[in-house]
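Working notes for the structure below.
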There are 6 protein chains.
Amino acid sequence: MKNNKAKDILKLGLPKGSLQEAALAKMAKAGFNIQVSSRSYIPYVDDDQLSVRLIRAQEISRYVAHGYLDCGITGHDWVVENGSDVHEVAEFIFSKATRQPARWVLAVPEESSIKSPKDLQGKRIATEVVNITKRWLRQHGVKAEVEFSWGATEVKAHELVDAIVEITETGSSLRANRLRIVDTLLISTPRLIANHKSWKDPWKRQKIETLALLLRGALEAESKVGLKMNLEQKNLDRLLRDLPALRNPTVSHLSLPGWVAVETIIDEKVVRELIPRLKAAGAEGIIEYPLNKVVY
Amino acid sequence: MKNNKAKDILKLGLPKGSLQEAALAKMAKAGFNIQVSSRSYIPYVDDDQLSVRLIRAQEISRYVAHGYLDCGITGHDWVVENGSDVHEVAEFIFSKATRQPARWVLAVPEESSIKSPKDLQGKRIATEVVNITKRWLRQHGVKAEVEFSWGATEVKAHELVDAIVEITETGSSLRANRLRIVDTLLISTPRLIANHKSWKDPWKRQKIETLALLLRGALEAESKVGLKMNLEQKNLDRLLRDLPALRNPTVSHLSLPGWVAVETIIDEKVVRELIPRLKAAGAEGIIEYPLNKVVY
Amino acid sequence: MKNNKAKDILKLGLPKGSLQEAALAKMAKAGFNIQVSSRSYIPYVDDDQLSVRLIRAQEISRYVAHGYLDCGITGHDWVVENGSDVHEVAEFIFSKATRQPARWVLAVPEESSIKSPKDLQGKRIATEVVNITKRWLRQHGVKAEVEFSWGATEVKAHELVDAIVEITETGSSLRANRLRIVDTLLISTPRLIANHKSWKDPWKRQKIETLALLLRGALEAESKVGLKMNLEQKNLDRLLRDLPALRNPTVSHLSLPGWVAVETIIDEKVVRELIPRLKAAGAEGIIEYPLNKVVY
Amino acid sequence: MKNNKAKDILKLGLPKGSLQEAALAKMAKAGFNIQVSSRSYIPYVDDDQLSVRLIRAQEISRYVAHGYLDCGITGHDWVVENGSDVHEVAEFIFSKATRQPARWVLAVPEESSIKSPKDLQGKRIATEVVNITKRWLRQHGVKAEVEFSWGATEVKAHELVDAIVEITETGSSLRANRLRIVDTLLISTPRLIANHKSWKDPWKRQKIETLALLLRGALEAESKVGLKMNLEQKNLDRLLRDLPALRNPTVSHLSLPGWVAVETIIDEKVVRELIPRLKAAGAEGIIEYPLNKVVY
Amino acid sequence: MKNNKAKDILKLGLPKGSLQEAALAKMAKAGFNIQVSSRSYIPYVDDDQLSVRLIRAQEISRYVAHGYLDCGITGHDWVVENGSDVHEVAEFIFSKATRQPARWVLAVPEESSIKSPKDLQGKRIATEVVNITKRWLRQHGVKAEVEFSWGATEVKAHELVDAIVEITETGSSLRANRLRIVDTLLISTPRLIANHKSWKDPWKRQKIETLALLLRGALEAESKVGLKMNLEQKNLDRLLRDLPALRNPTVSHLSLPGWVAVETIIDEKVVRELIPRLKAAGAEGIIEYPLNKVVY
Amino acid sequence: MKNNKAKDILKLGLPKGSLQEAALAKMAKAGFNIQVSSRSYIPYVDDDQLSVRLIRAQEISRYVAHGYLDCGITGHDWVVENGSDVHEVAEFIFSKATRQPARWVLAVPEESSIKSPKDLQGKRIATEVVNITKRWLRQHGVKAEVEFSWGATEVKAHELVDAIVEITETGSSLRANRLRIVDTLLISTPRLIANHKSWKDPWKRQKIETLALLLRGALEAESKVGLKMNLEQKNLDRLLRDLPALRNPTVSHLSLPGWVAVETIIDEKVVRELIPRLKAAGAEGIIEYPLNKVVY
């Protein structure tokens, strides 16, 4: 009992260009293999219920809102910049320790007299996110000229304009250009967004939710590992009490009387602190192994 | 009690050139590390019972038949083309969903009047597989001139000859050259083949069978993953009944009363459909992990 | 209760240059992610108790001895060459089957009349390790001129000097230059070394020991795999008796009566011999999986 | 008698990004060596009367009009798109045989029912040049929605919009995407443009004119070669009459009586037709040599 | 008065694959710019009287003989191997000092007992040029088995066959494989060949001859340079008598009385010996400049 | 009448490693083609009177002094550092406008209190040129510890030592590491040096002088171009008086009465200023062409 043809295709937008490779790798980890050919604008995907389009990250939200796409993966920043009315299905937060979210910041030359948003009155600002910048100026009651920049914005801050609004993760590129951050306008993370009408269609909604579940499982697995060890049962309680990081381990009896196997999924970041303590607590044969997906 | 020296070396031929890197990678997955040096024509292999030669795929079956090699990995097509009398030990079929086997097809320009084998009467055909083509023409009772082509055969179909016999997987290269497939002559998959005399030698036969077993285990693991989850025992029967894909799981009791750990090896392709249903059936802590080898 | 600021930073030296990438990869496997920037001489490491410096392998022991670094990873050869008085914390021995340790050897042209150390009397030797060479000459009671070579030492052996002392693993580069090895002066393996004073500081010592433990776990895992299989319990004893390689397996009862799951960690090199025997012994569903760390 | 400091610097904008390398090569041919450093946003130029800025081609005309730059090299298209009020100093026309100028064209899918501008009424058009497109629609009295596209515009024509306005030289990329050209909106060639005020400053104007002269000389030399030959004087008149391509040759007497050397600068494209005719006319020792600059 | 359409296209075959880039570069030097596109099997050439096909060097002579091509550039070896009946228009001999022509040689392992053609009686030979080899064996009255090799022939000489016939320029690849040359079967240089019928067509013949003239001019220029100097007229005779390499210089009077300018085209290889002698003979302002084409 | 064998080989040392490619390119421009093979330590050179060795730049002077090499190209710095007693044949000064000579400078962190050589008393300095540094300290009457650095010296200045002596051209790498230059120890240019004994041998000396002459001619040509123009004779005197850069032009009469051709060799750097003035002075048909060698 298959769904009728019109229904059972979900159109998904993925970012083209510099983010494309990473996005396709994430999709592959989630279980969807996508192949981009130079001969067709429609990539091949090994799921005939899914049809993928590669579109600039800046534009995806616009086409989801219009209904050309049922859903898409894009940054929160471009949803806001485009003012797109879409349903946000999922936010993909990367583990804090390894990556920082992207921030749009207002930056000026180190020696500039601009110290706060108020100082921008009557100035000229270059940015790729004109709407986000104008909204933020309005919130601060400041009037300034905002001019669209096609890129290489950092270079303009020294001569062509008074300030820029630019994206940054660690701030190192800004510092290298001798720019100083004045304020943060928006923090952006990747989102799975859906068209409102598609979201109301039960079949499409279920497909989108499955996609979100698998993507989240694949992302989760990037910062997790499996940990296994053997232990005398008498030491088990103390181990679990002392090491709350070993949340909900799977404990199984070994054939050797009095010994158990303890297995758990754990943040890769804490392993380096945990292993010495596990050894001290009597654990033996500790092994760490990689994961593809983790779904709680 | 070692075998005598003459016996305990198995000579294996692997394809040189474009397939070489893939063949060496598969051997490594099977557990045999081979290093090719620019200074010697004999590659190093970390098994002193094995001696490897890199030979063009087109020629391997010939040297296995002659007895220069005990065994080799090559395509079925070249065994047939060379008419080599060898023992076929194993066929390596890739999982259907991700890859298609190579086919030798007869192709003509899109606008050609040739629609079936019969239309080839009196025509000229260019191909790298002259014998396969002649045999196929004889089977259809058609007389045509067959001419050996050194490669770049597709380009010739438009001017130099009336038809070509060429290898293809997806047909996309033929389509890009505006060629139309008329018929399939042969479907080819990789094979492990052996010299008849070597196959009768008990020591060599066991060595070849072990090689086949390990290669199959490595190939199998490419399309499989491990899946683990925890479950209340009362839900176990329903889960196994509803999800026949979970074939022969390993079920072990957890120390938490009433709970079991379920672990199984499964096609990577079905995981994306299975995980939502496992969650719905009450499974918790679902993880997917990668495999190196799977031997049933 | 944090340690005071001065104490809780451990300064670690890693080799810069050709060994750098490998060293950073090992550190990442051990759980420490290090990022090298072209904008700063201090690499970023995701552990604020650790501060990393990239220094030429030849010099690390010198700066550990001086106390500029608390500890470092370097070859035993450069510790000896520099005559550095440091505490050796750990030696990282690679699994014998896959890699050979580096050796400093005295080599001469194939046709040279020099056959033993004594024949070097009055000759000229070029090398990067002047002190090691002079010490070795003294041990043999030989007087010879030792000249520092900036590299490309092999080429000099044919014309510029009478002999060279050069590093080699397999000897293939020497053979390719038609050089013959006369003697081995020193076998060198990577070491974790520490400054004596740092080693006496309890906090630093514990940090260094944890680092050694994790590095050893990561290296160990490179040559090991996990192996799992199901088996009828009645066959278990015979299997374990016949296959001593299956050292200390974890045996757990399956819910299917009379069957057990056997799991063990094993040298990747023996798997190719083991799998056929496991099948013969009645094992089913054998899988091999990769590991990140192994700590006994 | 040097000019005062404020006057004797000319600020020149060159295109950043995909056109940058070509632009810098042209400047080098003209005699100005520019070095771009990752450490400074101001490239080094070996003329201290010149200061170079690398700016996206789309924006150069805007900053020339504002007066931030005295002059710039950019396409005519972006001058029009930005509506920039600048002085056009020179147009650089490439030799027709080798290159075609860039054209902005309206294109639709091959099978689209849109055949002429009128058919666009009420449709949606995606383009990078919104203003050029809107102006062209007004000229045709057509109302249509024009939407800014961030790039990869060709792909959108099949699903997301009804038509696109895109840049093309040979049309091959459009054909490869199965698009059909409906009309040409603008033909664009590279221009040297100047700020009106800078153009009125005598020193700057002379500097700009010199720059134009040298750039033109370098471009001219790309499609020209030098040609030299020896000839009996008695054949000279006939040669010159028959071969008008040998425009204004330099004729000098050789020491061998009755012989002259003929030398001329000529289009590289006609050499292949000319040489056989020169030989037929009695020329000897014909040589062709490359040129750096040609200034008539 | 244009030729009719059927006549005024000349179809030229150029080698595809490893020789392709060099062949296109030579054509460009001769004045014909060819562009190969991934989208069409017919390369673009900026001469509408010329139509180019890229075909494997081994096959070009066959298609010229058949008349599919009017002419082609290929090695003499493949004309002989294919036994193609074609008109040889030109041989392109590279300057002896810089390059050696390709030779097909019979080679055996260094330690082989085969010392002369006679020793091949009853042996097995692998080669890509089966016909050349058989013809040569007949000339020596030797019977031996000749087997077609798909490449990597050198490796086979040690085990699979008794001798090989392989192409070589300097012999270094043979030496590196520890092979010894027994005899040379054929010396091969690049040729421009034509179909007999095309050669009889006056228009095509003229076009082919022009092509030969221009290619020769371009090749000639690769090993030549222009040399110019000033000289007192009284020293001229002695200079010309002492330096016969200065063949047929162009001597022109300078405006400075008693001085002449001497200019000549000369082998680049002799310049390094000539310049010191020119200086000694009183020449001043000696300059050397590069050439594109030289046609005597 | 050839020289005897022992005499007529000149052994030349060229720098190996990072400078190798540039050195070989210069030699090729001078007319000597050198080919480096991975199979031999002796490069091939197309002059059988020349034998080339590639040796680290740091060591060349040492082997020239010993007599292993007759001559070599190396930096003045390493001649001084090694204290090598050699004959300096030629200094190759690059045209000032495009390149700066290399300088060894003493540098300290920007914030260091070291402002002059005197402040180094009792400090520690790291450098690759220990002898140059010690000599310079002696000259200033300063005692400081000098320690040999294997490279990456800049990084050490912030922590490991108090100052460094490092090579620099523009100083940008020092600035990027936030180092400040205190003093310059040595300015170094490339030199052709010879062994004293070889220099006294007449045949070798002549060969070395020819090499110097040709290398200088090739270097000279890098910054020069040829310039030609036509002019009415009546304007000639004024042109030459006004434009002293047109030093010693070759003036020849054209067949057109009253006109002369003026040709000269000129610094490429002045062309951009000269061309506008030549036009103003009535010159026509100005062309600039490239040169291979210039020997006055």
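Each chain in the structure tokens gets a letter, A, B, ..., in the order shown, and its residues are numbered from 1; ligands are numbered from 1 in order too.
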_Spatial neighbours of range 247-249 of chain C, 7 Å, only C-alpha atoms, chain gap at least 5 places, as a ChimeraX atom specification_ = /C:262-264
_Among range 142-185 of chain C, which ones does DSSP assign to helix (DSSP H, G or I) (computed from the backbone)? Answer as a PyMOL selection string._
chain C and resi 153-156+172-176
*Selection near range 44-47 of chain E, 9 Å with only C-alpha atoms, sequence-local residues under 2 positions removed, as number ranges by chain*: D: 97-98; E: 32-37, 42, 49-52
With C-alpha atoms retained, could you export that selection as a PDB file, in the first residue's frame?
```pdb
ATOM      1  CA  ALA D  97      39.289  36.010 -33.154  1.00  0.00           C
ATOM      2  CA  THR D  98      40.340  34.662 -29.816  1.00  0.00           C
TER       3      THR D  98
ATOM      4  CA  PHE E  32      46.486  26.643 -34.488  1.00  0.00           C
ATOM      5  CA  ASN E  33      44.699  26.917 -31.157  1.00  0.00           C
ATOM      6  CA  ILE E  34      42.775  23.789 -30.250  1.00  0.00           C
ATOM      7  CA  GLN E  35      40.416  23.481 -27.303  1.00  0.00           C
ATOM      8  CA  VAL E  36      39.286  20.152 -25.942  1.00  0.00           C
ATOM      9  CA  SER E  37      35.942  20.141 -24.200  1.00  0.00           C
ATOM     10  CA  ILE E  42      35.199  17.156 -31.560  1.00  0.00           C
ATOM     11  CA  GLN E  49      39.162  24.665 -42.675  1.00  0.00           C
ATOM     12  CA  LEU E  50      40.525  22.231 -40.132  1.00  0.00           C
ATOM     13  CA  SER E  51      38.691  19.556 -38.152  1.00  0.00           C
ATOM     14  CA  VAL E  52      40.622  17.765 -35.428  1.00  0.00           C
TER      15      VAL E  52
END
```
_range 78-293 of chain E: residues DSSP assigns to strand (DSSP E or B), reported as a PyMOL selection string_ = chain E and resi 87-91+102-109+124-127+145-148+163-168+179-188+190-194+224-232+250-253+259-267+284-289+293
_as a VMD selection string, please: the residues near Ser116 in chain F (cut-off 10 Å, only C-alpha atoms, same-chain neighbours under 6 positions excluded)._
chain F and resid 106 181 to 183
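Here CA of Leu215 in chain F is placed at a distance of 24.5 Å from CA of Pro244 in chain E.
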_Within 12 Å of Tyr63 in chain A using only C-alpha atoms, minus same-chain residues under 6 positions, as a ChimeraX atom specification_ = /A:11-14,53-57,69-74,78-79,82-86,193-195 /D:147,149,156,159-161
Could you list, as an mmCIF file with all heavy atoms, in the first residue's frame, every residue within 12 Å of His158 in chain A, counting only C-alpha atoms and ignoring same-chain residues fewer than 5 positions away?
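The new file part-v9.cif reads:
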```cif
data_model
loop_
_atom_site.group_PDB
_atom_site.id
_atom_site.type_symbol
_atom_site.label_atom_id
_atom_site.label_comp_id
_atom_site.auth_asym_id
_atom_site.auth_seq_id
_atom_site.Cartn_x
_atom_site.Cartn_y
_atom_site.Cartn_z
ATOM 1 N N ALA A 107 32.133 45.047 13.885
ATOM 2 C CA ALA A 107 33.560 45.229 14.153
ATOM 3 C C ALA A 107 34.045 46.529 13.540
ATOM 4 O O ALA A 107 33.525 46.991 12.519
ATOM 5 C CB ALA A 107 34.363 44.059 13.591
ATOM 6 N N VAL A 108 35.048 47.114 14.177
ATOM 7 C CA VAL A 108 35.638 48.377 13.715
ATOM 8 C C VAL A 108 37.161 48.260 13.805
ATOM 9 O O VAL A 108 37.680 47.379 14.494
ATOM 10 C CB VAL A 108 35.164 49.573 14.591
ATOM 11 C CG1 VAL A 108 33.675 49.782 14.452
ATOM 12 C CG2 VAL A 108 35.548 49.341 16.054
ATOM 13 N N PRO A 109 37.896 49.116 13.125
ATOM 14 C CA PRO A 109 39.354 49.095 13.285
ATOM 15 C C PRO A 109 39.745 49.283 14.748
ATOM 16 O O PRO A 109 39.058 49.995 15.491
ATOM 17 C CB PRO A 109 39.816 50.289 12.437
ATOM 18 C CG PRO A 109 38.747 50.481 11.425
ATOM 19 C CD PRO A 109 37.464 50.089 12.094
ATOM 20 N N GLU A 110 40.827 48.633 15.142
ATOM 21 C CA GLU A 110 41.263 48.688 16.548
ATOM 22 C C GLU A 110 41.308 50.106 17.093
ATOM 23 O O GLU A 110 40.936 50.353 18.237
ATOM 24 C CB GLU A 110 42.664 48.060 16.675
ATOM 25 C CG GLU A 110 42.666 46.550 16.589
ATOM 26 C CD GLU A 110 44.057 45.953 16.684
ATOM 27 O OE1 GLU A 110 45.009 46.747 16.847
ATOM 28 O OE2 GLU A 110 44.198 44.732 16.595
ATOM 29 N N GLU A 111 41.740 51.043 16.244
ATOM 30 C CA GLU A 111 41.952 52.403 16.722
ATOM 31 C C GLU A 111 40.705 53.292 16.550
ATOM 32 O O GLU A 111 40.754 54.493 16.832
ATOM 33 C CB GLU A 111 43.144 53.023 15.977
ATOM 34 C CG GLU A 111 42.931 53.258 14.486
ATOM 35 C CD GLU A 111 43.039 52.009 13.619
ATOM 36 O OE1 GLU A 111 43.206 50.901 14.180
ATOM 37 O OE2 GLU A 111 42.930 52.125 12.394
ATOM 38 N N SER A 112 39.594 52.702 16.121
ATOM 39 C CA SER A 112 38.380 53.496 15.875
ATOM 40 C C SER A 112 37.842 54.080 17.179
ATOM 41 O O SER A 112 37.998 53.498 18.259
ATOM 42 C CB SER A 112 37.317 52.606 15.232
ATOM 43 O OG SER A 112 36.053 53.224 15.324
ATOM 44 N N ILE A 125 27.963 51.443 7.309
ATOM 45 C CA ILE A 125 28.285 50.055 7.684
ATOM 46 C C ILE A 125 28.161 49.156 6.460
ATOM 47 O O ILE A 125 27.163 49.237 5.739
ATOM 48 C CB ILE A 125 27.319 49.536 8.781
ATOM 49 C CG1 ILE A 125 27.303 50.481 9.981
ATOM 50 C CG2 ILE A 125 27.684 48.117 9.199
ATOM 51 C CD1 ILE A 125 26.218 50.163 10.987
ATOM 52 N N ALA A 126 29.153 48.302 6.217
ATOM 53 C CA ALA A 126 29.084 47.320 5.129
ATOM 54 C C ALA A 126 28.838 45.934 5.694
ATOM 55 O O ALA A 126 29.423 45.561 6.707
ATOM 56 C CB ALA A 126 30.392 47.314 4.340
ATOM 57 N N THR A 153 34.575 41.627 3.257
ATOM 58 C CA THR A 153 34.093 42.779 4.007
ATOM 59 C C THR A 153 35.149 43.323 4.965
ATOM 60 O O THR A 153 35.242 44.538 5.179
ATOM 61 C CB THR A 153 32.816 42.386 4.778
ATOM 62 O OG1 THR A 153 31.942 41.697 3.882
ATOM 63 C CG2 THR A 153 32.113 43.604 5.341
ATOM 64 N N ALA A 163 32.312 50.829 9.773
ATOM 65 C CA ALA A 163 32.184 49.600 10.551
ATOM 66 C C ALA A 163 31.681 48.514 9.626
ATOM 67 O O ALA A 163 31.166 48.788 8.539
ATOM 68 C CB ALA A 163 31.215 49.793 11.726
ATOM 69 N N ILE A 164 31.831 47.272 10.059
ATOM 70 C CA ILE A 164 31.282 46.162 9.282
ATOM 71 C C ILE A 164 30.515 45.236 10.213
ATOM 72 O O ILE A 164 30.743 45.230 11.431
ATOM 73 C CB ILE A 164 32.389 45.347 8.568
ATOM 74 C CG1 ILE A 164 33.328 44.705 9.594
ATOM 75 C CG2 ILE A 164 33.172 46.223 7.600
ATOM 76 C CD1 ILE A 164 34.275 43.690 8.999
ATOM 77 N N LEU A 174 39.256 38.374 12.301
ATOM 78 C CA LEU A 174 39.066 39.800 12.612
ATOM 79 C C LEU A 174 40.333 40.373 13.247
ATOM 80 O O LEU A 174 40.822 41.429 12.858
ATOM 81 C CB LEU A 174 37.878 39.982 13.557
ATOM 82 C CG LEU A 174 36.498 39.627 12.973
ATOM 83 C CD1 LEU A 174 35.432 39.663 14.056
ATOM 84 C CD2 LEU A 174 36.141 40.590 11.838
ATOM 85 N N ASN A 177 43.051 41.098 10.893
ATOM 86 C CA ASN A 177 42.819 42.310 10.135
ATOM 87 C C ASN A 177 42.798 43.543 11.047
ATOM 88 O O ASN A 177 42.371 44.601 10.628
ATOM 89 C CB ASN A 177 41.506 42.218 9.352
ATOM 90 C CG ASN A 177 41.669 41.414 8.079
ATOM 91 O OD1 ASN A 177 42.231 41.897 7.111
ATOM 92 N ND2 ASN A 177 41.223 40.167 8.100
ATOM 93 N N ARG A 178 43.217 43.382 12.280
ATOM 94 C CA ARG A 178 43.281 44.463 13.271
ATOM 95 C C ARG A 178 41.932 45.146 13.471
ATOM 96 O O ARG A 178 41.835 46.373 13.514
ATOM 97 C CB ARG A 178 44.356 45.486 12.880
ATOM 98 C CG ARG A 178 45.773 44.894 12.862
ATOM 99 C CD ARG A 178 46.861 45.918 12.811
ATOM 100 N NE ARG A 178 48.181 45.279 12.810
ATOM 101 C CZ ARG A 178 48.921 45.079 13.909
ATOM 102 N NH1 ARG A 178 48.485 45.488 15.083
ATOM 103 N NH2 ARG A 178 50.093 44.487 13.829
ATOM 104 N N LEU A 179 40.893 44.296 13.573
ATOM 105 C CA LEU A 179 39.553 44.801 13.838
ATOM 106 C C LEU A 179 39.153 44.439 15.265
ATOM 107 O O LEU A 179 39.603 43.443 15.813
ATOM 108 C CB LEU A 179 38.557 44.197 12.849
ATOM 109 C CG LEU A 179 38.824 44.522 11.373
ATOM 110 C CD1 LEU A 179 37.805 43.815 10.491
ATOM 111 C CD2 LEU A 179 38.774 46.029 11.139
ATOM 112 N N ARG A 180 38.305 45.262 15.845
ATOM 113 C CA ARG A 180 37.840 45.071 17.220
ATOM 114 C C ARG A 180 36.342 44.838 17.208
ATOM 115 O O ARG A 180 35.604 45.525 16.503
ATOM 116 C CB ARG A 180 38.188 46.326 18.041
ATOM 117 C CG ARG A 180 37.608 46.347 19.433
ATOM 118 C CD ARG A 180 38.191 47.461 20.280
ATOM 119 N NE ARG A 180 38.280 48.752 19.576
ATOM 120 C CZ ARG A 180 37.261 49.618 19.454
ATOM 121 N NH1 ARG A 180 36.066 49.343 19.967
ATOM 122 N NH2 ARG A 180 37.450 50.759 18.807
ATOM 123 N N SER D 40 48.498 41.837 4.875
ATOM 124 C CA SER D 40 48.081 43.229 4.785
ATOM 125 C C SER D 40 46.995 43.346 3.724
ATOM 126 O O SER D 40 47.005 42.634 2.735
ATOM 127 C CB SER D 40 49.280 44.104 4.400
ATOM 128 O OG SER D 40 48.845 45.368 3.970
ATOM 129 N N TYR D 41 46.037 44.228 3.939
ATOM 130 C CA TYR D 41 44.985 44.392 2.942
ATOM 131 C C TYR D 41 45.421 45.332 1.816
ATOM 132 O O TYR D 41 44.725 45.502 0.837
ATOM 133 C CB TYR D 41 43.673 44.868 3.581
ATOM 134 C CG TYR D 41 43.769 46.263 4.146
ATOM 135 C CD1 TYR D 41 43.371 47.366 3.386
ATOM 136 C CD2 TYR D 41 44.255 46.484 5.417
ATOM 137 C CE1 TYR D 41 43.474 48.644 3.893
ATOM 138 C CE2 TYR D 41 44.360 47.753 5.934
ATOM 139 C CZ TYR D 41 43.972 48.837 5.172
ATOM 140 O OH TYR D 41 44.068 50.086 5.662
ATOM 141 N N ILE D 42 46.588 45.956 1.953
ATOM 142 C CA ILE D 42 47.096 46.838 0.910
ATOM 143 C C ILE D 42 48.207 46.131 0.149
ATOM 144 O O ILE D 42 49.272 45.881 0.702
ATOM 145 C CB ILE D 42 47.637 48.152 1.511
ATOM 146 C CG1 ILE D 42 46.535 48.859 2.313
ATOM 147 C CG2 ILE D 42 48.160 49.074 0.415
ATOM 148 C CD1 ILE D 42 46.928 50.214 2.858
ATOM 149 N N ARG D 53 44.010 48.773 -4.440
ATOM 150 C CA ARG D 53 43.062 48.078 -3.572
ATOM 151 C C ARG D 53 42.396 46.966 -4.374
ATOM 152 O O ARG D 53 41.988 47.199 -5.517
ATOM 153 C CB ARG D 53 41.962 49.020 -3.064
ATOM 154 C CG ARG D 53 42.422 50.096 -2.129
ATOM 155 C CD ARG D 53 42.967 49.569 -0.822
ATOM 156 N NE ARG D 53 43.429 50.681 0.004
ATOM 157 C CZ ARG D 53 44.602 51.300 -0.168
ATOM 158 N NH1 ARG D 53 45.431 50.929 -1.103
ATOM 159 N NH2 ARG D 53 44.935 52.279 0.638
ATOM 160 N N TYR D 68 36.481 57.164 -3.065
ATOM 161 C CA TYR D 68 37.445 56.411 -2.276
ATOM 162 C C TYR D 68 38.607 55.969 -3.158
ATOM 163 O O TYR D 68 39.739 55.882 -2.730
ATOM 164 C CB TYR D 68 36.796 55.176 -1.657
ATOM 165 C CG TYR D 68 35.885 55.493 -0.515
ATOM 166 C CD1 TYR D 68 34.517 55.274 -0.607
ATOM 167 C CD2 TYR D 68 36.388 56.012 0.679
ATOM 168 C CE1 TYR D 68 33.669 55.556 0.449
ATOM 169 C CE2 TYR D 68 35.544 56.304 1.742
ATOM 170 C CZ TYR D 68 34.190 56.074 1.621
ATOM 171 O OH TYR D 68 33.361 56.358 2.653
#
```
Shell around Lys118 in chain D at 12 Å using only C-alpha atoms, local window under 6 positions removed, as a CSV table (one decimal) with N, CA and C atoms, in the first residue's frame:
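Wrote it out as result-v3.csv, contents follow:
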```
chain,number,residue,atom,x,y,z
D,136,TRP,N,15.7,47.0,-18.5
D,136,TRP,CA,15.4,46.3,-19.8
D,136,TRP,C,13.9,45.9,-19.8
D,137,LEU,N,13.3,45.5,-18.7
D,137,LEU,CA,11.9,45.2,-18.7
D,137,LEU,C,11.1,46.4,-19.0
D,138,ARG,N,11.4,47.5,-18.3
D,138,ARG,CA,10.7,48.8,-18.5
D,138,ARG,C,10.8,49.2,-20.0
D,139,GLN,N,12.0,49.0,-20.6
D,139,GLN,CA,12.1,49.4,-22.1
D,139,GLN,C,11.2,48.6,-22.9
D,140,HIS,N,10.9,47.4,-22.5
D,140,HIS,CA,10.0,46.5,-23.3
D,140,HIS,C,8.5,46.6,-22.8
D,141,GLY,N,8.3,47.5,-21.8
D,141,GLY,CA,7.0,47.6,-21.2
D,141,GLY,C,6.4,46.4,-20.6
D,142,VAL,N,7.3,45.6,-20.0
D,142,VAL,CA,6.8,44.3,-19.4
D,142,VAL,C,6.9,44.4,-17.9
D,143,LYS,N,6.0,43.9,-17.2
D,143,LYS,CA,6.0,43.8,-15.7
D,143,LYS,C,6.3,42.4,-15.3
D,144,ALA,N,7.4,42.2,-14.5
D,144,ALA,CA,7.8,40.9,-14.0
D,144,ALA,C,8.5,41.1,-12.7
D,182,VAL,N,17.0,34.0,-24.9
D,182,VAL,CA,15.8,34.7,-25.5
D,182,VAL,C,16.3,36.0,-26.1
D,183,ASP,N,17.1,36.7,-25.3
D,183,ASP,CA,17.6,38.1,-25.7
D,183,ASP,C,18.9,38.5,-25.0
```
